Amino acid sequence: MNNRVRKLLLQITALEDELNEALKEQGDRLRYQMQGRRVVFEQTIKAAHRRAKQNLFRWFLSVRPQNYLTMPVIYGMAAPMVIFDLCVTLYQYLCFPVYGVGRVKRGDYFVMDHQHLAYLNIIEKAHCLYCAYAVGLLAYAGEITARTEQYFCPIKHACKVLGAHSRYARFLEYGEAEDFHAKLETYRSQLAAEATRPSGTEDNKH
C-alpha cells in the first residue's frame with residue numbers, strides 16, 4: 001500500500017469518527033439517550049411523538065394502492081432471507097474456526113430500535129423491523145463474505161467496485177504479483193490476530 005493510499009485511509013477513519021460524534025450531538029439535540037441498546041426519550045418528546053402518530057384507520061386510507069399490490073412480494077422475501085441467514089451463519093460457524101478467522105457478531109449488524117418511536121403505529125413499526133432485519137442481514141453476510149475474501153483472495157478488481165466492503169480498500173492492487181503468496185499469508189495473519197482480540201475491540205479498519 002503506497003503512502004498516498006494510506007494517508008487517504010487515515011482521513012476516511014478520521015471522518016468516520018467525526019460523523020459518529022456528529023450523530024451523538026444530534027441525539028442530544030433530539031433529547032434521547034442510549035441505555036445499552038435501548039433508546040430513551042425525554043417525556044416531553046415522547047408525548048409529542050404520541051400526538052404525531054397516525055391511527056390505523058387513517059393509515060390504511062393513506063397507503064398508496066401500488067404499495068398494497070407489492071406487499072406480498074416484499075414480505076414473500078422473508079422466507080428466503082431467513083434461509084440465507086441460516087446458511088451464512090452455519091458457514092461461518094463451521095468454516096471460520098478451521099481458517100482461524102473470528103466469527104462475525106450478529107449483534108453488531110442487526111439494530112432493532114424503531115419500536116421505541118412512539119410516532120409510528122404498530123404496522124409502521126412492523127415495516128421498520130422487517131427493513132432493519134433485511135439491511136442488517138445484508139451487512140452481516142457482507143462482513144462474513146469480506147473476511148472470506150480476505151482469507152482466500154484479497155485482490156482488488158481492475159474496474160471500480162460500487163459499494164465495496166470496508167476491507168476492500170486495503171486489498172492488493174489488481175496485477176500486484178510480487179510476493180503475492182507471502183502477502184496473502186499476511187492478510188490471513190491479520191484475520192487470525194482479529195480473532196484473538198477481546199470481545200468488543202474488533203476493528204475492521206486494519
# chains A, B, ... in the order shown; residues from 1 in each chain; ligands from 1
call {"tool": "residues_around", "arguments": {"residues": "Ala134 (chain A)", "least_positions_apart": "5", "cutoff": "10 Å", "atoms": "only C-alpha atoms", "output": "MDAnalysis selection string"}}
result
chainID A and resid 77:78 81:82 85 110 128:129 139:140
call {"tool": "write_last_selection", "arguments": {"atoms": "C-alpha atoms", "output": "PDB file, in the first residue's frame"}}
result
ATOM      1  CA  MET A  77     -38.855 -12.460   0.651  1.00  0.00           C
ATOM      2  CA  ALA A  78     -38.937 -13.207   4.396  1.00  0.00           C
ATOM      3  CA  MET A  81     -33.881 -14.211   3.841  1.00  0.00           C
ATOM      4  CA  VAL A  82     -34.226 -16.462   6.882  1.00  0.00           C
ATOM      5  CA  ASP A  85     -29.346 -16.078   7.277  1.00  0.00           C
ATOM      6  CA  PHE A 110     -28.848  -6.169  13.472  1.00  0.00           C
ATOM      7  CA  CYS A 128     -39.346  -0.900  10.136  1.00  0.00           C
ATOM      8  CA  LEU A 129     -38.379  -4.114  11.912  1.00  0.00           C
ATOM      9  CA  ALA A 139     -24.385  -6.148   6.252  1.00  0.00           C
ATOM     10  CA  TYR A 140     -23.812  -9.251   8.402  1.00  0.00           C
TER      11      TYR A 140
END
call {"tool": "select_by_dssp", "arguments": {"residues": "region 55-172 of chain A", "states": "alpha helix (DSSP H)", "output": "count of residues only"}}
result
72
call {"tool": "atom_distance", "arguments": {"atom1": "CA of His157 (chain A)", "atom2": "CA of Phe180 (chain A)"}}
result
15.2 Å
call {"tool": "atom_distance", "arguments": {"atom1": "CA of Phe96 (chain A)", "atom2": "CA of Ser166 (chain A)"}}
result
19.0 Å
call {"tool": "select_by_dssp", "arguments": {"residues": "region 38-149 of chain A", "states": "strand (DSSP E)", "output": "NGL selection string"}}
result
:A and (38-41)
call {"tool": "closest_residue", "arguments": {"among": "A:Arg188, A:Lys53, A:Lys160, A:Arg58", "to": "Thr148 (chain A)", "atoms": "only C-alpha atoms"}}
result
A:Arg188
call {"tool": "residues_around", "arguments": {"residues": "Arg103 (chain A)", "least_positions_apart": "6", "cutoff": "10 Å", "atoms": "only C-alpha atoms", "output": "MDAnalysis selection string"}}
result
chainID A and resid 89 92:97 143:144 147 194:195
call {"tool": "atom_distance", "arguments": {"atom1": "CA of Tyr168 (chain A)", "atom2": "CA of Lys156 (chain A)"}}
result
6.9 Å
